[in-house]
Amino acid sequence: MKTLREYIKEADEKGIAIGHFNISNLEALHGIYNAAKKLNVPVIIGLSEGEEEFVGREEAVALVKALRARDNFPIFLNADHHYGFESVKAALDAGYDAAIIDAVKLPLEENIILTKKCVDYARELGKKENRDILIEAELGFIGTSSKILDAIPEGVSEATMTKPEDAKHFVEATGVDLLAPSVGNVHGMVKGGNPRLHPEVVKAIREATGIPLVLHGGSGSMNEDFVACIAEGIDIVHINTEIRVAYRDAVKKFLNENPNEVAPYKFLKSGVEAVEAVVEARLKLFNGIK
Ligand code: G3H
Ligand code: ZN
């Protein structure tokens with residue numbers, strides 16, 4: 001099987017993007033995996049520090065590796081938004097394929113030092129264990145929470161989008177594999193509608209850095225904006241809030257309609273199906289499948 005790095009390169013050459021979806025439980029993993037298998041496209045499962053604490057670090061690795069081995073299917077595991085060296089190291093040691101060191105709240109030079117430390121560790125471990133481990137970093141604040149938001153998070157604006165020259169300096173100084181920029185995207189879904197994305201900024205950052213870019217905060221963005229950003233150099237798109245909402249709403253509806261149902265495998269199935277439907281639609285869009 002190709003490595004995640006090779007799948008990203010292939011997506012880039014084809015002008016499509018790989019879908020990255022977060023999980024908090026086994027049901028979401030089933031829903032995401034069902035959709036990816038159905039469409040036969042690679043997929044990345046992400047767990048933030050909070051999601052990882054709930055699911056279990058080693059448990060997440062075991063689940064994803066089991067599916068990959070059983071079906072010889074390209075499903076990969078990413079330590080999403082890990083905030084410190086020790087939590088990145090723990091995820092990589094446990095067997096994650098990739099990690100995101102999220103030091104975006106630090107001043108640029110401190111972000112560079114911490115990111116470089118994670119890149120160096122990933123290279124050392126990769127060499128020792130013959131694994132191709134990817135490190136992603138963030139540059140430019142896009143908010144923090146995958147939830148429904150009353151308004152655009154404070155500190156996010158067109159003025160604070162990632163500057164191509166900062167991105168170039170950052171990538172050269174850290175040797176990072178993937179970069180998550182701020183291009184109009186926000187984490188979470190804004191009640192009045194998410195801001196528009198800026199494909200021209202994606203293009204400028206891609207030209208300046210030459211490395212694959214990752215679009216975070218995908219939930220709530222417009223289809224045409226995704227397509228335009230993917231065409232300009234986005235190779236991975238992250239979706240979380242949309243599947244959280246779909247899961248919650250489906251289970252709630254099922255239990256309202258079936259108040260006497262007590263078998264979790266019955267009432268949680270509605271959540272699996274709802275996640276699958278959202279992921280299938282997103283994967284079709286990102287992979288250019290009609
Ligand atoms: O890393 C996770 C994502 O960036 C998800 O963002 O909840 O807005 O889809 P989202
Ligand atoms: Zn994110």
# chains A, B, ... in the order shown; residues from 1 in each chain; ligands from 1
$ residues_near_ligand --ligand "ligand 2" --cutoff "7 Å" --atoms "only C-alpha atoms and all ligand atoms" --output "list of chain:residue names"
A:Asp80, A:His81, A:His187, A:His216, A:Gly217, A:His238
$ closest_atom_pairs --of "chain A" --to "ligand 1" --cutoff "8 Å" --atoms "only C-alpha atoms and all ligand atoms" --output "tab-separated table"
residue	atom	partner	partner_atom_place_in_ligand_line	distance
A:His20	CA	ligand 1	2 (C)	7.9
A:Phe21	CA	ligand 1	2 (C)	7.4
A:Asn22	CA	ligand 1	2 (C)	6.6
A:Gly46	CA	ligand 1	1 (O)	7.3
A:Ser48	CA	ligand 1	1 (O)	7.2
A:Asp80	CA	ligand 1	1 (O)	5.8
A:His81	CA	ligand 1	1 (O)	6.4
A:Ser145	CA	ligand 1	7 (O)	6.7
A:Ser146	CA	ligand 1	7 (O)	3.6
A:Lys147	CA	ligand 1	7 (O)	6.3
A:Asn185	CA	ligand 1	8 (O)	8.0
A:Val186	CA	ligand 1	8 (O)	6.0
A:His187	CA	ligand 1	8 (O)	3.6
A:Gly188	CA	ligand 1	8 (O)	3.6
A:Met189	CA	ligand 1	8 (O)	6.0
A:Leu215	CA	ligand 1	4 (O)	7.1
A:His216	CA	ligand 1	4 (O)	3.4
A:Gly217	CA	ligand 1	6 (O)	3.1
A:Gly218	CA	ligand 1	9 (O)	4.3
A:Ser219	CA	ligand 1	9 (O)	3.7
A:Gly220	CA	ligand 1	8 (O)	7.0
A:Val237	CA	ligand 1	4 (O)	7.8
A:His238	CA	ligand 1	3 (C)	4.5
A:Ile239	CA	ligand 1	9 (O)	3.5
A:Asn240	CA	ligand 1	7 (O)	3.8
A:Thr241	CA	ligand 1	7 (O)	3.7
A:Glu242	CA	ligand 1	9 (O)	6.2
$ write_last_selection --atoms "C-alpha atoms" --output "JSON list (two decimals), in the first residue's frame"
[["chain", "number", "residue", "atom", "x", "y", "z"],
["A", 20, "HIS", "CA", -9.88, 14.15, 7.19],
["A", 21, "PHE", "CA", -12.65, 13.46, 9.72],
["A", 22, "ASN", "CA", -12.52, 13.53, 13.51],
["A", 46, "GLY", "CA", -8.22, 12.54, 13.28],
["A", 48, "SER", "CA", -7.67, 15.97, 18.90],
["A", 80, "ASP", "CA", -5.04, 16.39, 15.28],
["A", 81, "HIS", "CA", -4.31, 19.64, 17.16],
["A", 145, "SER", "CA", -13.64, 24.71, 18.69],
["A", 146, "SER", "CA", -15.57, 22.31, 16.50],
["A", 147, "LYS", "CA", -19.00, 23.53, 17.61],
["A", 185, "ASN", "CA", -11.57, 29.29, 7.33],
["A", 186, "VAL", "CA", -12.76, 28.98, 10.93],
["A", 187, "HIS", "CA", -13.12, 26.02, 13.26],
["A", 188, "GLY", "CA", -16.81, 25.40, 13.89],
["A", 189, "MET", "CA", -20.03, 26.45, 12.16],
["A", 215, "LEU", "CA", -7.69, 23.26, 5.07],
["A", 216, "HIS", "CA", -8.96, 23.11, 8.64],
["A", 217, "GLY", "CA", -12.38, 24.21, 9.79],
["A", 218, "GLY", "CA", -14.11, 22.77, 6.75],
["A", 219, "SER", "CA", -17.59, 22.52, 8.30],
["A", 220, "GLY", "CA", -20.01, 25.09, 6.98],
["A", 237, "VAL", "CA", -9.69, 19.02, 4.13],
["A", 238, "HIS", "CA", -10.73, 18.67, 7.78],
["A", 239, "ILE", "CA", -14.38, 18.21, 8.76],
["A", 240, "ASN", "CA", -15.56, 17.77, 12.34],
["A", 241, "THR", "CA", -18.52, 19.92, 13.45],
["A", 242, "GLU", "CA", -20.77, 18.73, 10.60]]
$ select_by_dssp --residues "stretch 52-240 of chain A" --states "helix (DSSP H, G or I)" --output "PyMOL selection string"
chain A and resi 52-55+57-71+85-94+108-129+158-160+164-174+199-209+223-231
$ select_by_dssp --residues "stretch 44-172 of chain A" --states "strand (DSSP E or B)" --output "count of residues only"
24
$ atom_distance --atom1 "atom CA of A:Ala173" --atom2 "atom CA of A:Asn111"
10.5 Å
